[in-house]
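Here is the structure we will look at.
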Amino acid sequence: MATLVVRHPDGTENEFAITGELKIGRQQGSDILITEGGVSRTHARVFDEGGTVFIEDVGSANGTFVDGQRIMEPTALTPQSEVLLGDYVLRLKAAPARGSGARRAAARPAAGGDEPMPVGDEGGGVRATRAMPSIKKGPGAAKSEPGAALAKRPARPARPAPGGGARPAPAGGPVLRGMVGPWAGQTYPLKGKVLVGRQPPAGIMLDDDSVSRRHAELEATSSGVTVRDLGSANGTLLNGEPLDQTPVPLEPGDQLQFGVVEMSFEPEPSAVPVRRGAARGGSDEDPAAKRKKLIMVAAGLVGVLLMVGMVSSILNPKPVDVQGPGGAAQMDPTQKIQDLLSECRSYASSELGAPNWEKAHEVCTQALDLDPIHPEANTLIRRIKLEKESFEYYSQGERLLQRLKPEEALESFRKIQKESEYFRRARAKAREAAEAVTKRAQEDCKLYLRDSQWSAAVSRCEVYMAVWCQSKPREDLQPPLGFTLKLEGRLRRDEWRPKDPMFVKFLIARQKMDANAAPWECPVAEVLAGDERVVDPRTFVMEAAKKRFPNKLMQAALLDYWSGRGSEALATMQKLRANYEAAQYHAEADELMKIMSTVDQLFKVGQSYLAAEDPEKAAEPFREALATDKAVMLELAESKPSFYRRNILQDIAEKSYQRGKHWADREDRRRACRVWKLGFSFYAGNPNLNKAAAFCSSRALEAFRAASGCGDMTVALDYAVKGDGVEEMVVAKQAELGCK
């Protein structure tokens with residue numbers, strides 16, 4: 001069975017098995033629910049037909065792209081295909097071959113395990129665990145179940161029975177020795193219970209994004225050392241096999257893997273690796289004599305190595321490198337550069353999640369310090385600088401967009417170079433910023449041109465024109481070869497004038513400000529190039545107002561209300577009400593004034609409750625305001641929401657998330673979920689609230705499965721989210737049990 005991998009804008013990935021058809025969109029009920037920028041309510045569908053997986057766009061606004069091309073019909077996918085839906089990247093993962101044994105990478109927390117509340121981007125500044133791709137074992141390995149490591153460990157001689165033949169515990173005690181990366185050569189003593197994780201209170205702290213905060217636990221006792229996984233995101237492997245939460249005993253030479261960090265188990269710290277089974281030969285020799293023999297053998301080996309080293313240094317002297325963390329001489333510079341480049345490529349790769357450009361730049365710089373003209377190192381460092389800079393522009397643009405600064409956001413997105421992998425992601429965000437820019441700047445431009453305020457008109461019109469011109473061909477912006485530009489008066493045979501009247505007025509305003517100004521040219525904005533022209537939603541509202549109201553004052557009042565200028569809308573209606581020649585419109589005007597005034601008052605009441613951090617009290621006036629707003633906007637209420645509707649939905653969602661997190665931080669998860677569900681019922685487009693709702697839904701399912709009576713069903717209902725199906729299951733179960 002093929003699998004669809006969905007990479008989110010934050011770099012996390014989810015996998016979905018393709019069984020029949022998967023509907024993708026931001027509408028509740030979609031098989032794959034994705035809610036961030038550029039995704040339509042019903043965007044696309046993925047289906048399997050005759051063993052081939054196809055993707056089909058179902059009329060989305062921003063389109064579906066396969067390998068950079070917008071698709072217009074069902075398109076077959078391969079594991080090499082890259083699908084782009086807004087800010088999301090999709091790829092196909094073929095069904096694992098027989099015997100490949102893909103390791104499970106469970107991302108949901110186990111009961112009582114690591115990271116119990118994966119909601120939002122919060123967590124006291126703690127970064128999230130990077131999800132790893134499935135790890136494939138060697139040929140012929142069968143698919144493993146968690147906890148099978150002990151059963152599948154290669155056969156070893158039995159441990160000697162306690163007594164005279166038992167080997168005493170070494171003086172140094174058992175240790176874990178790092179095998180890769182910055183942990184290579186480092187040893188970690190094992191005494192009592194030792195927690196492995198990414199943060200304190202972990203006794204073995206591994207600062208890597210593939211390691212969970214509480215990843216695994218080792219326990220050293222008189223009978224040996226055991227290891228168990230703690231429900232980590234990327235699992236714990238023993239000799240290549242995944243572990244569950246059942247303790248498994250360790251033997252000398254066992255290899256453990258926490259995320260991508262590999263370590264070996266040693267009964268005592270030693271510079272000479274212990275061969276598996278060598279210490280368990282079953283001999284009855286006295287332990288002290290065995291230790292003495294081992295010491296003599298080791299001393300002999302050291303002597304031989306010293307002699308070989310002395311002869312080698314005399315015949316073929318080499319420069320000696322500085323001492324590494326473990327005290328042993330490091331590898332030669334060429335090998336060290338290759339290792340640094342390998343680490344650099346790993347940090348710069350997107351295979352394990354979002355690249356870490358800071359670390360990639362740091363490691364590549366170390367390689368360049370060793371060889372400043374190394375071609376691959378220089379190529380990597382140039383790419384990393386480009387991506388790092390592009391990432392900063394992209395992040396800055398997102399922040400500015402969230403702070404309602406679309407012009408500055410668009411400027412940041414424009415700086416992202418086309419060669420960067422962030423370019424395509426920025427296009428959807430740039431379209432969103434461009435829509436806001438054109439909406440504001442066009443209105444100001446028309447106003448200043450009408451009032452002949454040339455200086456103000458030029459600055460505001462230029463902002464609008466810089467976006468407007470991106471979708472226009474050259475012949476609409478510049479005179480053809482051999483023609484001259486003439487903006488006013490009658491045109492002669494060799495004279496030319498643009499067709500767009502607003503563009504003409506803008507050029508006239510420029511001439512009035514500076515008669516010798518250079519011809520205006522459309523600024524290059526590749527992030528907007530080739531996109532469909534953004535249509536100002538204000539145009540739709542104005543057209544609807546003209547069809548609905550024959551009176552121009554009522555049309556203007558509706559537009560003011562939609563823009564959030566409630567006081568201006570009421571003042572315009574009062575002006576109409578004072579005109580007795582328009583008496584036929586007074587009754588309708590009175591009704592409209594009443595509705596608009598009600599929405600404005602309810603909006604202010606709800607906002608006052610939100611300011612007091614009480615979204616639960618704000619819910620009632622906001623719901624009434626939304627219902628009343630629909631009576632004003634009619635069919636445009638959902639497709640072209642008014643200022644009031646947009647702000648109600650977004651503000652209560654954000655405040656509900658913050659208030660719910662307040663209770664979650666105090667371990668009151670039921671109350672937290674009640675508040676989160678409230679915000680989610682208003683608006684499902686808040687990413688943090690969306691994650692919180694998913695957390696509550698999983699809790700609801702757990703509570704339902706654990707329920708043993710009618711009283712337990714209430715707990716499941718407190719967590720259940722509308723649309724997740726748990727509430728219906730609870731109601732059916734209550735009817736079955738005869739609950740009142």
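Order determines the names: the first chain of the structure tokens is A, the second B, and so forth; residues in each chain are numbered 1 upward, and ligands are numbered 1 upward as they are shown.
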Please provide as a list in words all residues within 12 Å of A:Gln734, with the sequence filter that same-chain residues fewer than 5 positions apart are discarded (counting only C-alpha atoms).
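Counting only the stated atoms, we get Phe704, Ala707, Ser708, Gly709, Cys710, Gly711, Asp712, Met713, Thr714, Ala716, Leu717, Glu727, Glu728, Met729, Cys739 and Lys740 of chain A.
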Would you please give, as a ChimeraX atom specification, all residues of stretch 526-658 of chain A that DSSP assigns to helix (DSSP H, G or I) based on the backbone?
/A:537-548,552-563,566-578,580-611,615-633,636-639,643-658
Using only C-alpha atoms, determine which residues lie at most 12 Å from stretch 579-591 of chain A, disregarding the query and same-chain residues fewer than 2 positions distant; provide the list as a PDB file with all heavy atoms, in the first residue's frame.
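Saved result, around_36.pdb, follows:
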```pdb
ATOM      1  N   ARG A 548     -28.051  45.227  -5.047  1.00  0.00           N
ATOM      2  CA  ARG A 548     -29.005  45.142  -3.933  1.00  0.00           C
ATOM      3  C   ARG A 548     -29.696  46.465  -3.646  1.00  0.00           C
ATOM      4  O   ARG A 548     -30.897  46.492  -3.339  1.00  0.00           O
ATOM      5  CB  ARG A 548     -28.249  44.648  -2.686  1.00  0.00           C
ATOM      6  CG  ARG A 548     -29.114  44.407  -1.481  1.00  0.00           C
ATOM      7  CD  ARG A 548     -28.254  43.832  -0.370  1.00  0.00           C
ATOM      8  NE  ARG A 548     -28.961  43.752   0.890  1.00  0.00           N
ATOM      9  CZ  ARG A 548     -28.391  43.430   2.045  1.00  0.00           C
ATOM     10  NH1 ARG A 548     -27.094  43.135   2.083  1.00  0.00           N
ATOM     11  NH2 ARG A 548     -29.097  43.376   3.157  1.00  0.00           N
ATOM     12  N   PHE A 549     -28.930  47.573  -3.716  1.00  0.00           N
ATOM     13  CA  PHE A 549     -29.481  48.886  -3.365  1.00  0.00           C
ATOM     14  C   PHE A 549     -29.368  49.836  -4.554  1.00  0.00           C
ATOM     15  O   PHE A 549     -28.261  50.100  -5.037  1.00  0.00           O
ATOM     16  CB  PHE A 549     -28.728  49.493  -2.172  1.00  0.00           C
ATOM     17  CG  PHE A 549     -28.712  48.626  -0.949  1.00  0.00           C
ATOM     18  CD1 PHE A 549     -27.519  48.141  -0.445  1.00  0.00           C
ATOM     19  CD2 PHE A 549     -29.892  48.301  -0.297  1.00  0.00           C
ATOM     20  CE1 PHE A 549     -27.493  47.347   0.682  1.00  0.00           C
ATOM     21  CE2 PHE A 549     -29.874  47.498   0.838  1.00  0.00           C
ATOM     22  CZ  PHE A 549     -28.675  47.018   1.331  1.00  0.00           C
ATOM     23  N   PRO A 550     -30.485  50.408  -4.999  1.00  0.00           N
ATOM     24  CA  PRO A 550     -30.405  51.388  -6.088  1.00  0.00           C
ATOM     25  C   PRO A 550     -29.844  52.731  -5.634  1.00  0.00           C
ATOM     26  O   PRO A 550     -29.292  53.485  -6.430  1.00  0.00           O
ATOM     27  CB  PRO A 550     -31.861  51.519  -6.551  1.00  0.00           C
ATOM     28  CG  PRO A 550     -32.676  51.097  -5.381  1.00  0.00           C
ATOM     29  CD  PRO A 550     -31.880  50.083  -4.646  1.00  0.00           C
ATOM     30  N   ASN A 551     -29.945  53.016  -4.320  1.00  0.00           N
ATOM     31  CA  ASN A 551     -29.486  54.299  -3.791  1.00  0.00           C
ATOM     32  C   ASN A 551     -27.984  54.259  -3.524  1.00  0.00           C
ATOM     33  O   ASN A 551     -27.477  53.333  -2.873  1.00  0.00           O
ATOM     34  CB  ASN A 551     -30.245  54.630  -2.501  1.00  0.00           C
ATOM     35  CG  ASN A 551     -29.898  56.005  -1.965  1.00  0.00           C
ATOM     36  OD1 ASN A 551     -28.903  56.177  -1.281  1.00  0.00           O
ATOM     37  ND2 ASN A 551     -30.731  56.987  -2.290  1.00  0.00           N
ATOM     38  N   LYS A 552     -27.259  55.289  -4.000  1.00  0.00           N
ATOM     39  CA  LYS A 552     -25.795  55.304  -3.880  1.00  0.00           C
ATOM     40  C   LYS A 552     -25.327  55.451  -2.436  1.00  0.00           C
ATOM     41  O   LYS A 552     -24.270  54.946  -2.062  1.00  0.00           O
ATOM     42  CB  LYS A 552     -25.215  56.425  -4.733  1.00  0.00           C
ATOM     43  CG  LYS A 552     -25.350  56.169  -6.227  1.00  0.00           C
ATOM     44  CD  LYS A 552     -24.622  57.228  -7.033  1.00  0.00           C
ATOM     45  CE  LYS A 552     -24.690  56.905  -8.535  1.00  0.00           C
ATOM     46  NZ  LYS A 552     -23.987  57.917  -9.357  1.00  0.00           N
ATOM     47  N   LEU A 553     -26.102  56.167  -1.603  1.00  0.00           N
ATOM     48  CA  LEU A 553     -25.704  56.316  -0.205  1.00  0.00           C
ATOM     49  C   LEU A 553     -25.771  54.975   0.527  1.00  0.00           C
ATOM     50  O   LEU A 553     -24.916  54.675   1.372  1.00  0.00           O
ATOM     51  CB  LEU A 553     -26.606  57.341   0.484  1.00  0.00           C
ATOM     52  CG  LEU A 553     -26.402  58.801   0.056  1.00  0.00           C
ATOM     53  CD1 LEU A 553     -27.404  59.707   0.747  1.00  0.00           C
ATOM     54  CD2 LEU A 553     -24.975  59.269   0.378  1.00  0.00           C
ATOM     55  N   MET A 554     -26.761  54.167   0.202  1.00  0.00           N
ATOM     56  CA  MET A 554     -26.858  52.851   0.819  1.00  0.00           C
ATOM     57  C   MET A 554     -25.723  51.945   0.340  1.00  0.00           C
ATOM     58  O   MET A 554     -25.188  51.135   1.109  1.00  0.00           O
ATOM     59  CB  MET A 554     -28.227  52.229   0.503  1.00  0.00           C
ATOM     60  CG  MET A 554     -29.394  53.005   1.091  1.00  0.00           C
ATOM     61  SD  MET A 554     -30.991  52.242   0.763  1.00  0.00           S
ATOM     62  CE  MET A 554     -30.966  50.899   1.947  1.00  0.00           C
ATOM     63  N   GLN A 555     -25.340  52.091  -0.933  1.00  0.00           N
ATOM     64  CA  GLN A 555     -24.198  51.331  -1.455  1.00  0.00           C
ATOM     65  C   GLN A 555     -22.918  51.704  -0.707  1.00  0.00           C
ATOM     66  O   GLN A 555     -22.148  50.833  -0.285  1.00  0.00           O
ATOM     67  CB  GLN A 555     -24.029  51.603  -2.946  1.00  0.00           C
ATOM     68  CG  GLN A 555     -25.188  51.151  -3.812  1.00  0.00           C
ATOM     69  CD  GLN A 555     -25.072  51.652  -5.234  1.00  0.00           C
ATOM     70  OE1 GLN A 555     -24.038  52.188  -5.641  1.00  0.00           O
ATOM     71  NE2 GLN A 555     -26.145  51.500  -6.010  1.00  0.00           N
ATOM     72  N   ALA A 557     -22.714  53.048   2.259  1.00  0.00           N
ATOM     73  CA  ALA A 557     -22.810  52.639   3.662  1.00  0.00           C
ATOM     74  C   ALA A 557     -22.448  51.168   3.821  1.00  0.00           C
ATOM     75  O   ALA A 557     -21.740  50.785   4.768  1.00  0.00           O
ATOM     76  CB  ALA A 557     -24.217  52.894   4.187  1.00  0.00           C
ATOM     77  N   LEU A 558     -22.922  50.323   2.893  1.00  0.00           N
ATOM     78  CA  LEU A 558     -22.592  48.898   2.970  1.00  0.00           C
ATOM     79  C   LEU A 558     -21.091  48.681   2.816  1.00  0.00           C
ATOM     80  O   LEU A 558     -20.490  47.857   3.516  1.00  0.00           O
ATOM     81  CB  LEU A 558     -23.347  48.121   1.894  1.00  0.00           C
ATOM     82  CG  LEU A 558     -23.116  46.603   1.902  1.00  0.00           C
ATOM     83  CD1 LEU A 558     -23.647  45.995   3.202  1.00  0.00           C
ATOM     84  CD2 LEU A 558     -23.762  45.938   0.711  1.00  0.00           C
ATOM     85  N   ALA A 569     -20.505  54.408   8.270  1.00  0.00           N
ATOM     86  CA  ALA A 569     -21.671  53.794   7.634  1.00  0.00           C
ATOM     87  C   ALA A 569     -22.963  54.357   8.218  1.00  0.00           C
ATOM     88  O   ALA A 569     -23.908  54.701   7.486  1.00  0.00           O
ATOM     89  CB  ALA A 569     -21.626  52.282   7.803  1.00  0.00           C
ATOM     90  N   LEU A 570     -23.015  54.489   9.547  1.00  0.00           N
ATOM     91  CA  LEU A 570     -24.215  55.033  10.188  1.00  0.00           C
ATOM     92  C   LEU A 570     -24.415  56.500   9.831  1.00  0.00           C
ATOM     93  O   LEU A 570     -25.552  56.958   9.635  1.00  0.00           O
ATOM     94  CB  LEU A 570     -24.117  54.863  11.705  1.00  0.00           C
ATOM     95  CG  LEU A 570     -24.149  53.410  12.210  1.00  0.00           C
ATOM     96  CD1 LEU A 570     -23.913  53.358  13.710  1.00  0.00           C
ATOM     97  CD2 LEU A 570     -25.486  52.756  11.873  1.00  0.00           C
ATOM     98  N   ALA A 571     -23.301  57.261   9.738  1.00  0.00           N
ATOM     99  CA  ALA A 571     -23.413  58.672   9.365  1.00  0.00           C
ATOM    100  C   ALA A 571     -23.957  58.824   7.943  1.00  0.00           C
ATOM    101  O   ALA A 571     -24.773  59.709   7.656  1.00  0.00           O
ATOM    102  CB  ALA A 571     -22.047  59.345   9.489  1.00  0.00           C
ATOM    103  N   THR A 572     -23.517  57.936   7.049  1.00  0.00           N
ATOM    104  CA  THR A 572     -24.016  57.975   5.664  1.00  0.00           C
ATOM    105  C   THR A 572     -25.511  57.666   5.623  1.00  0.00           C
ATOM    106  O   THR A 572     -26.282  58.301   4.889  1.00  0.00           O
ATOM    107  CB  THR A 572     -23.237  56.965   4.807  1.00  0.00           C
ATOM    108  OG1 THR A 572     -21.846  57.268   4.860  1.00  0.00           O
ATOM    109  CG2 THR A 572     -23.708  57.008   3.363  1.00  0.00           C
ATOM    110  N   MET A 573     -25.939  56.697   6.408  1.00  0.00           N
ATOM    111  CA  MET A 573     -27.355  56.349   6.455  1.00  0.00           C
ATOM    112  C   MET A 573     -28.187  57.473   7.066  1.00  0.00           C
ATOM    113  O   MET A 573     -29.334  57.716   6.659  1.00  0.00           O
ATOM    114  CB  MET A 573     -27.536  55.051   7.255  1.00  0.00           C
ATOM    115  CG  MET A 573     -26.832  53.848   6.648  1.00  0.00           C
ATOM    116  SD  MET A 573     -27.473  53.400   5.036  1.00  0.00           S
ATOM    117  CE  MET A 573     -28.965  52.587   5.520  1.00  0.00           C
ATOM    118  N   GLN A 574     -27.634  58.186   8.051  1.00  0.00           N
ATOM    119  CA  GLN A 574     -28.341  59.336   8.634  1.00  0.00           C
ATOM    120  C   GLN A 574     -28.518  60.440   7.602  1.00  0.00           C
ATOM    121  O   GLN A 574     -29.549  61.124   7.562  1.00  0.00           O
ATOM    122  CB  GLN A 574     -27.552  59.870   9.838  1.00  0.00           C
ATOM    123  CG  GLN A 574     -27.576  58.971  11.065  1.00  0.00           C
ATOM    124  CD  GLN A 574     -28.925  58.998  11.770  1.00  0.00           C
ATOM    125  OE1 GLN A 574     -29.856  59.681  11.349  1.00  0.00           O
ATOM    126  NE2 GLN A 574     -29.032  58.217  12.841  1.00  0.00           N
ATOM    127  N   LYS A 575     -27.500  60.573   6.747  1.00  0.00           N
ATOM    128  CA  LYS A 575     -27.604  61.572   5.672  1.00  0.00           C
ATOM    129  C   LYS A 575     -28.743  61.221   4.724  1.00  0.00           C
ATOM    130  O   LYS A 575     -29.505  62.087   4.275  1.00  0.00           O
ATOM    131  CB  LYS A 575     -26.270  61.628   4.923  1.00  0.00           C
ATOM    132  CG  LYS A 575     -26.195  62.706   3.868  1.00  0.00           C
ATOM    133  CD  LYS A 575     -24.806  62.725   3.229  1.00  0.00           C
ATOM    134  CE  LYS A 575     -24.737  63.807   2.156  1.00  0.00           C
ATOM    135  NZ  LYS A 575     -23.398  63.840   1.503  1.00  0.00           N
ATOM    136  N   LEU A 576     -28.862  59.932   4.406  1.00  0.00           N
ATOM    137  CA  LEU A 576     -29.965  59.487   3.561  1.00  0.00           C
ATOM    138  C   LEU A 576     -31.296  59.698   4.276  1.00  0.00           C
ATOM    139  O   LEU A 576     -32.287  60.128   3.669  1.00  0.00           O
ATOM    140  CB  LEU A 576     -29.776  58.003   3.212  1.00  0.00           C
ATOM    141  CG  LEU A 576     -30.952  57.299   2.517  1.00  0.00           C
ATOM    142  CD1 LEU A 576     -31.218  57.930   1.153  1.00  0.00           C
ATOM    143  CD2 LEU A 576     -30.666  55.816   2.365  1.00  0.00           C
ATOM    144  N   ARG A 577     -31.318  59.421   5.579  1.00  0.00           N
ATOM    145  CA  ARG A 577     -32.561  59.542   6.356  1.00  0.00           C
ATOM    146  C   ARG A 577     -33.028  60.986   6.430  1.00  0.00           C
ATOM    147  O   ARG A 577     -34.239  61.260   6.530  1.00  0.00           O
ATOM    148  CB  ARG A 577     -32.302  59.010   7.775  1.00  0.00           C
ATOM    149  CG  ARG A 577     -33.549  58.781   8.596  1.00  0.00           C
ATOM    150  CD  ARG A 577     -34.367  57.676   7.996  1.00  0.00           C
ATOM    151  NE  ARG A 577     -35.577  57.409   8.767  1.00  0.00           N
ATOM    152  CZ  ARG A 577     -36.688  58.167   8.760  1.00  0.00           C
ATOM    153  NH1 ARG A 577     -36.749  59.245   7.997  1.00  0.00           N
ATOM    154  NH2 ARG A 577     -37.733  57.840   9.497  1.00  0.00           N
ATOM    155  N   MET A 593     -29.693  50.406   9.369  1.00  0.00           N
ATOM    156  CA  MET A 593     -28.986  51.100  10.453  1.00  0.00           C
ATOM    157  C   MET A 593     -29.063  50.305  11.755  1.00  0.00           C
ATOM    158  O   MET A 593     -28.086  50.189  12.499  1.00  0.00           O
ATOM    159  CB  MET A 593     -29.590  52.492  10.659  1.00  0.00           C
ATOM    160  CG  MET A 593     -29.244  53.506   9.578  1.00  0.00           C
ATOM    161  SD  MET A 593     -30.164  55.048   9.776  1.00  0.00           S
ATOM    162  CE  MET A 593     -29.580  55.593  11.363  1.00  0.00           C
ATOM    163  N   LYS A 594     -30.253  49.752  12.012  1.00  0.00           N
ATOM    164  CA  LYS A 594     -30.443  48.974  13.235  1.00  0.00           C
ATOM    165  C   LYS A 594     -29.529  47.745  13.245  1.00  0.00           C
ATOM    166  O   LYS A 594     -28.890  47.431  14.259  1.00  0.00           O
ATOM    167  CB  LYS A 594     -31.906  48.561  13.335  1.00  0.00           C
ATOM    168  CG  LYS A 594     -32.243  47.751  14.576  1.00  0.00           C
ATOM    169  CD  LYS A 594     -33.717  47.369  14.585  1.00  0.00           C
ATOM    170  CE  LYS A 594     -34.046  46.490  15.794  1.00  0.00           C
ATOM    171  NZ  LYS A 594     -35.478  46.091  15.803  1.00  0.00           N
ATOM    172  N   ILE A 595     -29.454  47.060  12.121  1.00  0.00           N
ATOM    173  CA  ILE A 595     -28.621  45.849  12.040  1.00  0.00           C
ATOM    174  C   ILE A 595     -27.146  46.204  12.191  1.00  0.00           C
ATOM    175  O   ILE A 595     -26.403  45.564  12.945  1.00  0.00           O
ATOM    176  CB  ILE A 595     -28.879  45.113  10.716  1.00  0.00           C
ATOM    177  CG1 ILE A 595     -30.328  44.624  10.647  1.00  0.00           C
ATOM    178  CG2 ILE A 595     -27.931  43.938  10.562  1.00  0.00           C
ATOM    179  CD1 ILE A 595     -30.703  44.021   9.314  1.00  0.00           C
ATOM    180  N   MET A 596     -26.696  47.237  11.457  1.00  0.00           N
ATOM    181  CA  MET A 596     -25.280  47.625  11.516  1.00  0.00           C
ATOM    182  C   MET A 596     -24.889  48.078  12.917  1.00  0.00           C
ATOM    183  O   MET A 596     -23.816  47.729  13.419  1.00  0.00           O
ATOM    184  CB  MET A 596     -25.009  48.749  10.513  1.00  0.00           C
ATOM    185  CG  MET A 596     -25.068  48.323   9.064  1.00  0.00           C
ATOM    186  SD  MET A 596     -24.754  49.737   7.964  1.00  0.00           S
ATOM    187  CE  MET A 596     -24.762  48.928   6.363  1.00  0.00           C
ATOM    188  N   SER A 597     -25.767  48.843  13.551  1.00  0.00           N
ATOM    189  CA  SER A 597     -25.484  49.323  14.907  1.00  0.00           C
ATOM    190  C   SER A 597     -25.402  48.154  15.883  1.00  0.00           C
ATOM    191  O   SER A 597     -24.542  48.121  16.769  1.00  0.00           O
ATOM    192  CB  SER A 597     -26.569  50.304  15.344  1.00  0.00           C
ATOM    193  OG  SER A 597     -26.340  50.741  16.666  1.00  0.00           O
ATOM    194  N   THR A 598     -26.274  47.143  15.712  1.00  0.00           N
ATOM    195  CA  THR A 598     -26.267  45.971  16.592  1.00  0.00           C
ATOM    196  C   THR A 598     -24.949  45.212  16.469  1.00  0.00           C
ATOM    197  O   THR A 598     -24.340  44.814  17.472  1.00  0.00           O
ATOM    198  CB  THR A 598     -27.439  45.042  16.246  1.00  0.00           C
ATOM    199  OG1 THR A 598     -28.667  45.760  16.420  1.00  0.00           O
ATOM    200  CG2 THR A 598     -27.439  43.816  17.124  1.00  0.00           C
ATOM    201  N   THR A 628     -26.107  38.293  12.990  1.00  0.00           N
ATOM    202  CA  THR A 628     -26.635  39.578  12.515  1.00  0.00           C
ATOM    203  C   THR A 628     -25.847  40.076  11.308  1.00  0.00           C
ATOM    204  O   THR A 628     -26.410  40.657  10.378  1.00  0.00           O
ATOM    205  CB  THR A 628     -26.581  40.620  13.647  1.00  0.00           C
ATOM    206  OG1 THR A 628     -27.142  40.062  14.837  1.00  0.00           O
ATOM    207  CG2 THR A 628     -27.359  41.869  13.277  1.00  0.00           C
ATOM    208  N   ALA A 631     -27.112  38.859   8.097  1.00  0.00           N
ATOM    209  CA  ALA A 631     -28.289  39.560   7.591  1.00  0.00           C
ATOM    210  C   ALA A 631     -27.902  40.795   6.782  1.00  0.00           C
ATOM    211  O   ALA A 631     -28.678  41.270   5.949  1.00  0.00           O
ATOM    212  CB  ALA A 631     -29.195  39.962   8.757  1.00  0.00           C
ATOM    213  N   VAL A 632     -26.706  41.333   7.029  1.00  0.00           N
ATOM    214  CA  VAL A 632     -26.228  42.496   6.262  1.00  0.00           C
ATOM    215  C   VAL A 632     -25.554  42.042   4.973  1.00  0.00           C
ATOM    216  O   VAL A 632     -25.857  42.524   3.883  1.00  0.00           O
ATOM    217  CB  VAL A 632     -25.233  43.331   7.101  1.00  0.00           C
ATOM    218  CG1 VAL A 632     -24.759  44.544   6.307  1.00  0.00           C
ATOM    219  CG2 VAL A 632     -25.864  43.772   8.399  1.00  0.00           C
TER     220      VAL A 632
END
```
Select, from A:Ala216, A:Lys512, A:Arg431, A:Asp500, the residue with the minimum atom-to-atom distance to A:Glu475, counting only C-alpha atoms.
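Result for the nearest residue to A:Glu475: A:Asp500.
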What lies within 8 Å of A:Cys522 using only C-alpha atoms, ignoring chain neighbours under 6 positions off, as a tab-separated table (two decimals) with C-alpha atoms, in the first residue's frame?
```tsv
chain	number	residue	atom	x	y	z
A	465	MET	CA	0.99	49.76	-9.56
A	466	ALA	CA	4.09	47.79	-8.50
A	469	CYS	CA	1.81	45.51	-13.30
A	470	GLN	CA	3.21	42.05	-12.52
A	477	LEU	CA	2.85	49.30	-19.91
```
Taking 3 positions as the minimum chain separation for residues in the same chain, which residues sit within 10 Å of A:Ser30 when counting only C-alpha atoms? Answer as JSON, numbers by chain.
{"A": [22, 23, 24, 25, 26, 27, 33, 34, 41, 42, 43, 45]}
Next, the residues of the selection above should be written as a PDB file, in the first residue's frame with N, CA and C atoms.
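This is the output file again.pdb:
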```pdb
ATOM      1  N   LEU A  22      -8.360   9.936  -1.009  1.00  0.00           N
ATOM      2  CA  LEU A  22      -8.095  10.868   0.082  1.00  0.00           C
ATOM      3  C   LEU A  22      -8.444  12.277  -0.396  1.00  0.00           C
ATOM      4  N   LYS A  23      -9.364  12.943   0.313  1.00  0.00           N
ATOM      5  CA  LYS A  23      -9.715  14.325  -0.011  1.00  0.00           C
ATOM      6  C   LYS A  23      -8.855  15.257   0.821  1.00  0.00           C
ATOM      7  N   ILE A  24      -8.321  16.291   0.162  1.00  0.00           N
ATOM      8  CA  ILE A  24      -7.385  17.213   0.812  1.00  0.00           C
ATOM      9  C   ILE A  24      -7.988  18.610   0.798  1.00  0.00           C
ATOM     10  N   GLY A  25      -7.951  19.310   1.944  1.00  0.00           N
ATOM     11  CA  GLY A  25      -8.449  20.681   2.004  1.00  0.00           C
ATOM     12  C   GLY A  25      -8.497  21.170   3.430  1.00  0.00           C
ATOM     13  N   ARG A  26      -8.978  22.411   3.603  1.00  0.00           N
ATOM     14  CA  ARG A  26      -9.067  22.977   4.948  1.00  0.00           C
ATOM     15  C   ARG A  26     -10.475  22.905   5.520  1.00  0.00           C
ATOM     16  N   GLN A  27     -11.376  22.241   4.801  1.00  0.00           N
ATOM     17  CA  GLN A  27     -12.735  22.067   5.286  1.00  0.00           C
ATOM     18  C   GLN A  27     -12.808  20.886   6.232  1.00  0.00           C
ATOM     19  N   LEU A  33      -6.603  17.105   6.521  1.00  0.00           N
ATOM     20  CA  LEU A  33      -7.001  18.458   6.879  1.00  0.00           C
ATOM     21  C   LEU A  33      -5.759  19.326   7.016  1.00  0.00           C
ATOM     22  N   ILE A  34      -5.602  20.301   6.106  1.00  0.00           N
ATOM     23  CA  ILE A  34      -4.478  21.234   6.173  1.00  0.00           C
ATOM     24  C   ILE A  34      -5.054  22.641   6.092  1.00  0.00           C
ATOM     25  N   ARG A  41     -10.820  25.257   0.608  1.00  0.00           N
ATOM     26  CA  ARG A  41     -11.646  24.413   1.477  1.00  0.00           C
ATOM     27  C   ARG A  41     -11.673  22.973   0.961  1.00  0.00           C
ATOM     28  N   THR A  42     -11.893  22.826  -0.342  1.00  0.00           N
ATOM     29  CA  THR A  42     -11.749  21.522  -0.986  1.00  0.00           C
ATOM     30  C   THR A  42     -10.726  21.701  -2.099  1.00  0.00           C
ATOM     31  N   HIS A  43      -9.521  21.212  -1.915  1.00  0.00           N
ATOM     32  CA  HIS A  43      -8.401  21.579  -2.780  1.00  0.00           C
ATOM     33  C   HIS A  43      -8.081  20.505  -3.830  1.00  0.00           C
ATOM     34  N   ARG A  45      -7.719  15.837  -4.590  1.00  0.00           N
ATOM     35  CA  ARG A  45      -7.952  14.470  -4.120  1.00  0.00           C
ATOM     36  C   ARG A  45      -6.860  13.563  -4.659  1.00  0.00           C
TER      37      ARG A  45
END
```
